[in-house]
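Q: Input input_6.txt, format and content: compact mmCIF, C-alpha atoms.
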```txt
# COMPACT_ATOMS: atom_id res chain seq x y z
CA MET A 1 -4.29 -42.33 -11.16
CA SER A 2 -6.93 -41.35 -8.69
CA LYS A 3 -6.93 -37.84 -7.27
CA VAL A 4 -8.27 -36.53 -3.99
CA MET A 5 -9.45 -32.94 -4.28
CA VAL A 6 -10.69 -30.73 -1.45
CA VAL A 7 -13.03 -27.80 -2.08
CA THR A 8 -12.44 -25.39 0.77
CA SER A 9 -12.63 -21.70 1.73
CA GLY A 10 -12.59 -21.00 5.44
CA LYS A 11 -15.53 -18.64 5.19
CA GLY A 12 -19.05 -19.98 4.85
CA GLY A 13 -21.50 -19.04 2.15
CA VAL A 14 -18.96 -18.38 -0.60
CA GLY A 15 -20.08 -21.29 -2.78
CA LYS A 16 -18.16 -24.39 -1.64
CA THR A 17 -21.06 -26.80 -1.92
CA THR A 18 -22.38 -25.27 -5.15
CA SER A 19 -18.87 -25.47 -6.60
CA SER A 20 -18.30 -29.03 -5.37
CA ALA A 21 -21.52 -30.17 -7.05
CA ALA A 22 -20.77 -28.28 -10.26
CA LEU A 23 -17.14 -29.44 -10.49
CA GLY A 24 -18.11 -33.02 -9.65
CA ALA A 25 -20.86 -33.07 -12.26
CA ALA A 26 -18.60 -31.44 -14.87
CA LEU A 27 -15.90 -34.06 -14.23
CA ALA A 28 -18.50 -36.82 -14.62
CA GLN A 29 -19.79 -35.14 -17.80
CA ALA A 30 -16.20 -35.29 -19.07
CA GLY A 31 -16.25 -39.06 -18.58
CA GLN A 32 -14.46 -39.30 -15.23
CA SER A 33 -15.73 -41.43 -12.35
CA VAL A 34 -16.35 -39.16 -9.39
CA VAL A 35 -17.42 -39.39 -5.77
CA LEU A 36 -18.45 -36.29 -3.85
CA VAL A 37 -17.84 -36.62 -0.12
CA ASP A 38 -19.76 -34.23 2.15
CA PHE A 39 -17.61 -33.47 5.21
CA ASP A 40 -20.08 -31.02 6.72
CA VAL A 41 -21.24 -33.40 9.43
CA GLY A 42 -24.30 -32.02 11.19
CA LEU A 43 -25.13 -29.57 8.39
CA ARG A 44 -25.20 -31.66 5.27
CA ASN A 45 -26.36 -29.92 2.11
CA LEU A 46 -24.57 -31.50 -0.82
CA ASP A 47 -27.38 -34.09 -1.03
CA LEU A 48 -29.88 -31.26 -1.46
CA ILE A 49 -27.86 -29.42 -4.11
CA LEU A 50 -27.53 -32.70 -6.05
CA GLY A 51 -31.23 -33.53 -5.68
CA ALA A 52 -30.45 -36.74 -3.77
CA GLU A 53 -31.85 -35.73 -0.37
CA ARG A 54 -34.61 -38.34 -0.41
CA ARG A 55 -32.25 -41.19 -1.20
CA VAL A 56 -29.88 -40.90 1.77
CA VAL A 57 -29.83 -44.05 3.90
CA PHE A 58 -26.31 -44.35 5.30
CA ASP A 59 -23.65 -41.68 5.57
CA LEU A 60 -19.94 -41.01 6.09
CA VAL A 61 -20.15 -41.42 9.87
CA ASN A 62 -21.94 -44.79 9.50
CA VAL A 63 -19.12 -46.00 7.25
CA ILE A 64 -16.41 -44.72 9.60
CA GLN A 65 -18.03 -46.38 12.59
CA GLY A 66 -18.57 -49.64 10.72
CA ASP A 67 -22.38 -49.49 10.78
CA ALA A 68 -22.49 -49.63 7.00
CA LYS A 69 -20.23 -50.78 4.18
CA LEU A 70 -19.02 -48.12 1.78
CA PRO A 71 -21.06 -49.39 -1.23
CA GLN A 72 -24.22 -49.23 0.86
CA ALA A 73 -23.68 -45.57 1.65
CA LEU A 74 -22.78 -44.43 -1.88
CA ILE A 75 -25.62 -42.83 -3.83
CA ARG A 76 -25.38 -42.91 -7.60
CA ASP A 77 -26.65 -39.84 -9.45
CA LYS A 78 -29.74 -40.49 -11.57
CA ARG A 79 -28.57 -38.30 -14.45
CA LEU A 80 -24.84 -39.05 -14.54
CA GLU A 81 -23.97 -42.64 -13.90
CA THR A 82 -20.32 -41.97 -13.05
CA LEU A 83 -21.24 -39.40 -10.37
CA HIS A 84 -21.65 -40.60 -6.79
CA LEU A 85 -22.30 -39.02 -3.41
CA LEU A 86 -21.16 -40.05 0.05
CA PRO A 87 -23.42 -37.91 2.24
CA ALA A 88 -22.58 -36.41 5.62
CA SER A 89 -24.52 -37.35 8.72
CA GLN A 90 -27.21 -34.87 9.71
CA THR A 91 -27.72 -36.01 13.29
CA ARG A 92 -24.13 -36.26 14.52
CA ASP A 93 -21.46 -33.67 15.10
CA LYS A 94 -17.96 -33.32 13.72
CA ASP A 95 -16.42 -35.25 16.62
CA ALA A 96 -17.89 -38.38 15.06
CA LEU A 97 -15.17 -38.04 12.38
CA THR A 98 -11.88 -39.68 13.31
CA ALA A 99 -8.55 -39.25 11.57
CA ASP A 100 -8.11 -43.02 11.16
CA GLY A 101 -11.67 -43.51 9.94
CA VAL A 102 -11.38 -40.74 7.35
CA GLU A 103 -8.08 -42.17 6.11
CA ARG A 104 -9.60 -45.61 5.66
CA VAL A 105 -12.61 -44.28 3.75
CA ILE A 106 -10.49 -42.06 1.50
CA ASP A 107 -8.16 -44.99 0.72
CA GLU A 108 -11.11 -47.15 -0.22
CA LEU A 109 -12.62 -44.42 -2.38
CA ARG A 110 -9.29 -43.95 -4.19
CA GLN A 111 -9.52 -47.58 -5.34
CA ARG A 112 -12.96 -47.02 -6.87
CA PHE A 113 -12.96 -43.55 -8.41
CA ASP A 114 -10.84 -41.28 -10.63
CA TRP A 115 -11.73 -38.29 -8.46
CA VAL A 116 -12.56 -38.09 -4.76
CA LEU A 117 -13.99 -34.60 -4.15
CA CYS A 118 -14.13 -33.57 -0.51
CA ASP A 119 -16.61 -30.76 0.18
CA SER A 120 -15.21 -29.05 3.28
CA PRO A 121 -17.32 -27.43 5.98
CA ALA A 122 -16.71 -23.76 6.73
CA GLY A 123 -14.31 -22.90 9.54
CA ILE A 124 -10.89 -24.20 10.50
CA GLU A 125 -11.99 -26.89 12.96
CA LYS A 126 -11.84 -30.66 12.77
CA GLY A 127 -14.26 -31.10 9.86
CA ALA A 128 -12.29 -28.71 7.68
CA THR A 129 -8.87 -30.09 8.63
CA LEU A 130 -9.98 -33.69 8.01
CA ALA A 131 -11.54 -32.73 4.64
CA MET A 132 -8.20 -31.32 3.44
CA ARG A 133 -5.98 -33.90 5.17
CA HIS A 134 -5.49 -36.33 2.25
CA ALA A 135 -5.85 -33.90 -0.65
CA ASP A 136 -3.61 -34.02 -3.72
CA VAL A 137 -5.36 -30.97 -5.15
CA ALA A 138 -7.10 -28.08 -3.39
CA VAL A 139 -9.65 -25.70 -4.83
CA VAL A 140 -9.88 -22.56 -2.72
CA VAL A 141 -13.27 -20.93 -3.30
CA THR A 142 -13.14 -17.18 -2.76
CA ASN A 143 -15.49 -14.22 -3.24
CA PRO A 144 -14.00 -10.86 -4.23
CA GLU A 145 -14.72 -9.53 -0.75
CA VAL A 146 -12.34 -8.75 2.13
CA SER A 147 -13.46 -11.32 4.71
CA SER A 148 -13.51 -14.14 2.17
CA VAL A 149 -10.01 -13.30 0.90
CA ARG A 150 -8.64 -13.13 4.44
CA ASP A 151 -10.11 -16.52 5.34
CA SER A 152 -8.82 -18.04 2.10
CA ASP A 153 -5.34 -16.85 2.98
CA ARG A 154 -5.63 -18.64 6.31
CA ILE A 155 -6.83 -21.82 4.63
CA ILE A 156 -3.93 -21.70 2.14
CA GLY A 157 -1.59 -21.56 5.16
CA MET A 158 -3.26 -24.67 6.57
CA LEU A 159 -3.03 -26.49 3.23
CA ASP A 160 0.72 -25.78 3.33
CA SER A 161 1.17 -27.13 6.85
CA LYS A 162 -1.56 -29.54 7.95
CA THR A 163 -2.04 -31.89 5.02
CA VAL A 164 -0.37 -35.28 4.56
CA ARG A 165 1.38 -33.99 1.44
CA ALA A 166 2.69 -30.88 3.18
CA GLU A 167 4.00 -32.92 6.09
CA ALA A 168 5.80 -35.27 3.70
CA GLY A 169 7.34 -32.31 1.86
CA GLU A 170 5.39 -33.14 -1.30
CA LYS A 171 3.66 -30.72 -3.60
CA LEU A 172 -0.02 -30.03 -3.15
CA GLU A 173 -1.65 -28.33 -6.13
CA LYS A 174 -3.63 -25.29 -5.05
CA HIS A 175 -6.07 -23.44 -7.29
CA LEU A 176 -8.15 -20.33 -6.83
CA LEU A 177 -11.80 -20.44 -7.86
CA LEU A 178 -13.21 -16.93 -7.71
CA THR A 179 -17.00 -17.05 -7.39
CA ARG A 180 -19.82 -14.49 -7.45
CA TYR A 181 -17.69 -12.23 -9.62
CA ASP A 182 -19.33 -9.21 -11.21
CA THR A 183 -17.24 -7.91 -14.11
CA ALA A 184 -19.18 -4.67 -14.42
CA ARG A 185 -18.78 -3.79 -10.74
CA ALA A 186 -15.08 -4.70 -10.85
CA ALA A 187 -14.65 -2.44 -13.88
CA ARG A 188 -16.27 0.42 -11.95
CA GLY A 189 -13.92 -0.10 -9.01
CA GLU A 190 -16.69 -1.29 -6.69
CA MET A 191 -15.33 -4.82 -6.42
CA MET A 192 -11.79 -6.17 -6.27
CA LYS A 193 -10.62 -7.38 -9.66
CA VAL A 194 -9.45 -10.91 -10.45
CA GLU A 195 -5.86 -9.70 -10.56
CA ASP A 196 -6.18 -8.00 -7.14
CA VAL A 197 -7.25 -11.26 -5.50
CA LEU A 198 -4.63 -13.24 -7.44
CA GLU A 199 -1.89 -10.87 -6.33
CA ILE A 200 -2.92 -11.13 -2.68
CA LEU A 201 -3.43 -14.89 -2.49
CA ALA A 202 -0.63 -15.82 -4.93
CA ILE A 203 -2.02 -19.15 -6.13
CA PRO A 204 -2.88 -19.98 -9.76
CA LEU A 205 -6.36 -19.23 -11.08
CA LEU A 206 -8.64 -22.15 -11.89
CA GLY A 207 -11.71 -20.18 -12.87
CA VAL A 208 -13.86 -17.11 -12.44
CA VAL A 209 -17.52 -17.92 -11.86
CA PRO A 210 -19.72 -14.92 -12.55
CA GLU A 211 -22.56 -13.95 -10.23
CA SER A 212 -25.49 -15.58 -11.96
CA PRO A 213 -29.19 -16.25 -11.34
CA ASP A 214 -28.72 -19.71 -12.88
CA VAL A 215 -26.94 -20.88 -9.72
CA LEU A 216 -29.99 -20.31 -7.52
CA THR A 217 -32.33 -21.77 -10.12
CA ALA A 218 -30.22 -24.92 -10.30
CA SER A 219 -30.10 -25.29 -6.51
CA ASN A 220 -33.89 -24.79 -6.30
CA LEU A 221 -34.23 -27.75 -8.65
CA GLY A 222 -31.54 -29.95 -7.08
CA ALA A 223 -29.34 -30.02 -10.17
CA PRO A 224 -25.69 -28.98 -10.46
CA VAL A 225 -25.59 -25.85 -12.62
CA THR A 226 -23.45 -27.58 -15.27
CA LEU A 227 -26.24 -30.12 -15.76
CA HIS A 228 -29.21 -27.81 -15.45
CA ASN A 229 -28.06 -25.25 -17.98
CA PRO A 230 -24.70 -26.02 -19.59
CA ALA A 231 -24.91 -22.82 -21.67
CA ALA A 232 -25.13 -20.54 -18.60
CA PRO A 233 -21.99 -18.46 -18.03
CA ALA A 234 -21.50 -19.96 -14.55
CA ALA A 235 -21.82 -23.49 -15.97
CA LYS A 236 -19.28 -22.72 -18.68
CA ALA A 237 -16.89 -21.36 -16.07
CA TYR A 238 -17.11 -24.63 -14.09
CA ALA A 239 -16.76 -26.74 -17.24
CA ASN A 240 -13.63 -24.81 -18.19
CA ALA A 241 -12.27 -25.11 -14.65
CA VAL A 242 -12.63 -28.88 -14.93
CA ARG A 243 -10.81 -28.94 -18.27
CA ARG A 244 -7.95 -27.07 -16.59
CA LEU A 245 -7.97 -29.55 -13.71
CA MET A 246 -7.59 -32.33 -16.26
CA GLY A 247 -4.54 -30.62 -17.66
CA GLU A 248 -5.96 -28.82 -20.67
CA ASP A 249 -4.74 -25.35 -21.48
CA VAL A 250 -8.09 -23.58 -21.80
CA ARG A 251 -8.32 -20.01 -22.96
CA ASP A 252 -11.50 -18.64 -21.47
CA GLU A 253 -13.36 -17.15 -24.40
CA ASP A 254 -16.46 -15.84 -22.72
CA ALA A 255 -17.51 -17.87 -19.73
CA ALA A 256 -16.12 -15.68 -17.00
CA ALA A 257 -16.57 -12.31 -18.55
CA PRO A 258 -18.40 -11.90 -21.81
CA LYS A 259 -17.21 -8.35 -22.36
CA ARG A 260 -13.65 -8.55 -21.18
CA GLY A 261 -12.73 -12.12 -21.87
CA GLY A 262 -9.40 -11.12 -23.36
CA LEU A 263 -8.19 -9.60 -20.14
CA ILE A 264 -9.37 -12.44 -17.96
CA SER A 265 -7.97 -15.15 -20.18
CA ARG A 266 -4.56 -13.54 -20.02
CA LEU A 267 -4.64 -13.96 -16.26
CA PHE A 268 -4.97 -17.71 -16.57
CA GLY A 269 -1.56 -17.86 -18.19
CA ARG A 270 -0.13 -16.21 -15.13
CA ARG A 271 1.58 -18.48 -12.65
CA ALA A 272 1.93 -17.18 -9.16
CA ALA A 273 5.15 -17.78 -7.25
CA ALA A 274 4.78 -20.87 -5.09
CA MET B 1 -16.21 18.71 -2.54
CA ASN B 2 -16.56 18.90 -6.31
CA LEU B 3 -18.69 16.81 -8.59
CA LEU B 4 -15.84 14.61 -9.77
CA SER B 5 -14.94 13.47 -6.30
CA LEU B 6 -18.58 12.64 -5.67
CA PHE B 7 -18.47 10.27 -8.60
CA ASN B 8 -15.10 8.74 -7.89
CA ARG B 9 -14.71 8.46 -4.15
CA ASN B 10 -17.95 6.68 -3.48
CA ARG B 11 -17.44 4.11 -6.17
CA THR B 12 -13.83 3.06 -6.25
CA THR B 13 -13.70 1.23 -2.95
CA ALA B 14 -11.98 -1.84 -4.40
CA PRO B 15 -8.45 -0.37 -4.07
CA VAL B 16 -9.19 0.34 -0.40
CA ALA B 17 -10.19 -3.30 0.10
CA ARG B 18 -7.03 -4.49 -1.63
CA ASP B 19 -4.73 -2.23 0.41
CA ARG B 20 -6.38 -3.16 3.73
CA LEU B 21 -5.98 -6.84 2.92
CA GLN B 22 -2.34 -6.48 1.94
CA VAL B 23 -1.44 -4.82 5.24
CA LEU B 24 -3.50 -7.22 7.33
CA LEU B 25 -2.27 -10.39 5.65
CA ALA B 26 1.36 -9.32 5.84
CA HIS B 27 0.92 -9.32 9.63
CA GLU B 28 -1.14 -12.47 9.84
CA ARG B 29 1.29 -14.46 7.68
CA ALA B 30 4.19 -13.33 9.85
CA LEU B 31 2.44 -14.79 12.88
CA ASP B 32 2.19 -18.25 11.30
CA GLY B 33 0.93 -20.08 14.37
CA ARG B 34 2.91 -18.03 16.91
CA ALA B 35 1.17 -15.88 19.48
CA ASP B 36 0.69 -12.27 18.47
CA LEU B 37 3.93 -10.46 19.35
CA ALA B 38 2.00 -7.38 20.46
CA ALA B 39 0.00 -9.47 22.94
CA VAL B 40 3.16 -11.14 24.29
CA LEU B 41 4.93 -7.78 24.65
CA GLN B 42 1.96 -6.27 26.41
CA GLN B 43 1.78 -9.13 28.89
CA GLU B 44 5.48 -9.15 29.68
CA ILE B 45 5.71 -5.38 30.02
CA MET B 46 2.77 -5.41 32.41
CA GLU B 47 4.42 -8.15 34.49
CA VAL B 48 7.56 -6.07 34.87
CA ILE B 49 5.63 -2.97 35.90
CA ALA B 50 3.48 -4.96 38.35
CA ARG B 51 6.64 -6.11 40.09
CA HIS B 52 7.29 -2.51 41.15
CA ILE B 53 3.92 -0.86 41.49
CA PRO B 54 0.39 -2.07 42.07
CA ILE B 55 -1.53 -1.86 38.82
CA ASP B 56 -5.23 -1.41 38.46
CA ARG B 57 -6.01 -3.39 35.29
CA ASP B 58 -8.97 -1.14 34.56
CA LYS B 59 -6.62 1.83 34.33
CA VAL B 60 -4.37 0.38 31.66
CA MET B 61 -4.92 1.46 28.07
CA VAL B 62 -3.37 -0.55 25.27
CA LYS B 63 -3.37 0.74 21.72
CA LEU B 64 -2.06 -1.11 18.73
CA GLU B 65 -1.79 0.31 15.24
CA ARG B 66 -0.66 -2.03 12.49
CA GLY B 67 0.83 -0.22 9.54
CA ARG B 68 2.32 -1.31 6.25
CA HIS B 69 5.88 -0.47 7.34
CA VAL B 70 5.71 0.37 11.03
CA SER B 71 3.44 -0.82 13.81
CA THR B 72 3.14 0.90 17.16
CA LEU B 73 2.19 -0.49 20.53
CA ALA B 74 1.27 2.08 23.17
CA ILE B 75 0.70 1.05 26.77
CA ASP B 76 -0.64 3.74 29.04
CA VAL B 77 -0.49 2.85 32.72
CA GLU B 78 -2.02 5.12 35.32
CA MET B 79 0.21 5.09 38.39
CA PRO B 80 -1.36 5.42 41.79
CA GLU B 81 -0.32 8.58 43.65
CA THR B 82 1.60 6.61 46.20
CA ALA B 83 3.66 4.71 43.66
CA LEU B 84 6.43 7.28 43.34
CA ALA B 85 6.42 8.36 46.97
CA ARG B 86 9.43 7.34 49.03
CA ASP B 87 8.82 4.89 51.80
```
Hey, can you dump this file as structure tokens for me?

A:
Amino acid sequence: MSKVMVVTSGKGGVGKTTSSAALGAALAQAGQSVVLVDFDVGLRNLDLILGAERRVVFDLVNVIQGDAKLPQALIRDKRLETLHLLPASQTRDKDALTADGVERVIDELRQRFDWVLCDSPAGIEKGATLAMRHADVAVVVTNPEVSSVRDSDRIIGMLDSKTVRAEAGEKLEKHLLLTRYDTARAARGEMMKVEDVLEILAIPLLGVVPESPDVLTASNLGAPVTLHNPAAPAAKAYANAVRRLMGEDVRDEDAAAPKRGGLISRLFGRRAAA
Amino acid sequence: MNLLSLFNRNRTTAPVARDRLQVLLAHERALDGRADLAAVLQQEIMEVIARHIPIDRDKVMVKLERGRHVSTLAIDVEMPETALARD
């Protein structure tokens, strides 16, 4: 059964692309076949984070407009052979995406891959709504910061109303991925805690990715953090998030919060009211 | 101000963030695609007043305060001196 998963947030700069690359790579490392689709037409960056920027020939818009066949546009990762990228166009704008075209491409990708990961652009405009349109699963990337939480709340509302699943009255799995978390600052009351954000957004927790220098290092090198340094706390958090996505009941031992793992892992058991 | 408050007040800003978000999102969720009730009320009230007296839009003050339990909308209209005079 193939799954379409959108990585979204509303706000920019919270870690959507970093998380898409890391989750995609971790899924591929777990043996799944994965395609990452960059929906940020005009501002593509997933190619850069994956280290594939020099191999882009055709893109999503070319496929939608019939200028290229899907297999011609797919780029296979050099390190993980089950990881693929469908890049966004850099020279067009989001109006080049059409609802019909996106539907056709997603349907075709479903036939070929276990996971179709859609990396949403920031905002609530066409690019973002089309990225979430066909999702079976949504990962809402949020920083423990007021503007990010507000925008995530807005995006959750859109997931509940503007997706194909929502319109058909079907369930769409939503998960919270809290990124750039600093356990020490949260403990001192300088940053909202995991449970604060969970209480406000009321969707189940997929993972807590700690603020970590490894993320920048990995992006400098064009490698998803789970590939570059699997032992890094951020990489472990993504790997555990992927195990949860695949249905495993993972108790977070230390990835999210080395010193207070017990507290954080208890939160994963918590199911928010739908 | 004592030493303790110096230590505590500056640091524990997270509860403030949480409370502000809870109030704000309660209002934003209630909107759910509809126009902001306060904006609609303001517009309709102004239309009614304009039917009876000429209004200078620059002399209208609108204040909105969203609270956890009660919100207030205050519209302050400056009436021209002639408005209440009999014809």

Q: Give me, as number ranges by chain, the residues of chain A touching chain B, with the criterion being at most 6 Å (counting only C-alpha atoms).

A: A: 189-192

Q: Given the selection you just returned, output its residues as a file containing C-alpha atoms, formatted as a short mmCIF file (atom, residue, chain, number, x, y, z; two decimals), in the frame of the given file.

A:
```
data_model
loop_
_atom_site.label_atom_id
_atom_site.label_comp_id
_atom_site.auth_asym_id
_atom_site.auth_seq_id
_atom_site.Cartn_x
_atom_site.Cartn_y
_atom_site.Cartn_z
CA GLY A 189 -13.92 -0.10 -9.01
CA GLU A 190 -16.69 -1.29 -6.69
CA MET A 191 -15.33 -4.82 -6.42
CA MET A 192 -11.79 -6.17 -6.27
#
```

Q: Quick check, in Å to one decimal: how far apart do atom CA of Asp56 of chain B and atom CA of Ala74 of chain B lie?

A: 17.0 Å

Q: Would you mind listing what lies within 10 Å of segment 71-76 of chain A as an mmCIF file with C-alpha atoms, keeping the file's coordinate frame, with only C-alpha atoms counted and same-chain residues fewer than 5 positions away left out?

A:
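Wrote it out as selection-v8.cif, contents follow:
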```
data_model
loop_
_atom_site.group_PDB
_atom_site.id
_atom_site.type_symbol
_atom_site.label_atom_id
_atom_site.label_comp_id
_atom_site.auth_asym_id
_atom_site.auth_seq_id
_atom_site.Cartn_x
_atom_site.Cartn_y
_atom_site.Cartn_z
ATOM 1 C CA VAL A 34 -16.350 -39.160 -9.390
ATOM 2 C CA VAL A 35 -17.420 -39.390 -5.770
ATOM 3 C CA LEU A 36 -18.450 -36.290 -3.850
ATOM 4 C CA VAL A 37 -17.840 -36.620 -0.120
ATOM 5 C CA ASP A 47 -27.380 -34.090 -1.030
ATOM 6 C CA ALA A 52 -30.450 -36.740 -3.770
ATOM 7 C CA ARG A 55 -32.250 -41.190 -1.200
ATOM 8 C CA VAL A 56 -29.880 -40.900 1.770
ATOM 9 C CA VAL A 57 -29.830 -44.050 3.900
ATOM 10 C CA PHE A 58 -26.310 -44.350 5.300
ATOM 11 C CA ASP A 59 -23.650 -41.680 5.570
ATOM 12 C CA LEU A 60 -19.940 -41.010 6.090
ATOM 13 C CA VAL A 61 -20.150 -41.420 9.870
ATOM 14 C CA ASN A 62 -21.940 -44.790 9.500
ATOM 15 C CA VAL A 63 -19.120 -46.000 7.250
ATOM 16 C CA GLU A 81 -23.970 -42.640 -13.900
ATOM 17 C CA THR A 82 -20.320 -41.970 -13.050
ATOM 18 C CA LEU A 83 -21.240 -39.400 -10.370
ATOM 19 C CA HIS A 84 -21.650 -40.600 -6.790
ATOM 20 C CA LEU A 85 -22.300 -39.020 -3.410
ATOM 21 C CA LEU A 86 -21.160 -40.050 0.050
ATOM 22 C CA PRO A 87 -23.420 -37.910 2.240
ATOM 23 C CA LEU A 109 -12.620 -44.420 -2.380
#
```

Q: For the atom pair atom CA of Ser20 of chain A and atom CA of Val7 of chain A, what is the interatomic distance in Å to one decimal place?

A: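 One can read the atom CA of Ser20 of chain A to atom CA of Val7 of chain A distance as 6.3 Å.
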
Q: Would you pick out the contacts of Thr72 of chain B at 10 Å or less, using only C-alpha atoms, so that residues sharing its chain but fewer than 4 positions from it are not included, and give the list as a list in words?

A: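 What passes the distance filter is Ala38, Lys63, Leu64, Glu65, Arg66 and Gly67 of chain B.
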
Q: Fewer than 3 positions away in the same chain doesn't count, so skip those; otherwise give me all residues within 12 Å of Ala218 of chain A, counting only C-alpha atoms, as a PyMOL selection string.

A: chain A and resi 18-19+21-22+48-51+212-215+221-230+232+234-235

Q: Using all atoms listed in the file, which residue out of B:Val23, B:Val77, B:Val62, B:Val70 lies closest to Gln42 of chain B?

A: B:Val62

Q: How many Å lie between atom CA of Leu73 of chain B and atom CA of Leu41 of chain B, rounded to one decimal?

A: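 Going from atom CA of Leu73 of chain B over to atom CA of Leu41 of chain B covers 8.8 Å.
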
Q: Near Glu173 of chain A, within 12 Å and counting all atoms listed in the file, which residues show up once chain neighbours fewer than 3 positions away are dropped, as a JSON list (two decimals) with C-alpha atoms, keeping the file's coordinate frame?

A:
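Wrote it out as selection_20.json, contents follow:
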```
[["chain", "number", "residue", "atom", "x", "y", "z"],
["A", 3, "LYS", "CA", -6.93, -37.84, -7.27],
["A", 4, "VAL", "CA", -8.27, -36.53, -3.99],
["A", 5, "MET", "CA", -9.45, -32.94, -4.28],
["A", 6, "VAL", "CA", -10.69, -30.73, -1.45],
["A", 132, "MET", "CA", -8.20, -31.32, 3.44],
["A", 135, "ALA", "CA", -5.85, -33.90, -0.65],
["A", 136, "ASP", "CA", -3.61, -34.02, -3.72],
["A", 137, "VAL", "CA", -5.36, -30.97, -5.15],
["A", 138, "ALA", "CA", -7.10, -28.08, -3.39],
["A", 139, "VAL", "CA", -9.65, -25.70, -4.83],
["A", 140, "VAL", "CA", -9.88, -22.56, -2.72],
["A", 156, "ILE", "CA", -3.93, -21.70, 2.14],
["A", 159, "LEU", "CA", -3.03, -26.49, 3.23],
["A", 160, "ASP", "CA", 0.72, -25.78, 3.33],
["A", 163, "THR", "CA", -2.04, -31.89, 5.02],
["A", 165, "ARG", "CA", 1.38, -33.99, 1.44],
["A", 166, "ALA", "CA", 2.69, -30.88, 3.18],
["A", 170, "GLU", "CA", 5.39, -33.14, -1.30],
["A", 176, "LEU", "CA", -8.15, -20.33, -6.83],
["A", 203, "ILE", "CA", -2.02, -19.15, -6.13],
["A", 204, "PRO", "CA", -2.88, -19.98, -9.76],
["A", 205, "LEU", "CA", -6.36, -19.23, -11.08],
["A", 206, "LEU", "CA", -8.64, -22.15, -11.89],
["A", 245, "LEU", "CA", -7.97, -29.55, -13.71],
["A", 274, "ALA", "CA", 4.78, -20.87, -5.09]]
```

Q: With all atoms listed in the file as the counted atoms, please give the residues lying no more than 12 Å from Ala50 of chain B, apart from itself and same-chain residues fewer than 5 positions off, as JSON, numbers by chain.

A: {"B": [43, 44, 45, 55, 56, 57, 60, 77, 78, 79, 80, 83]}
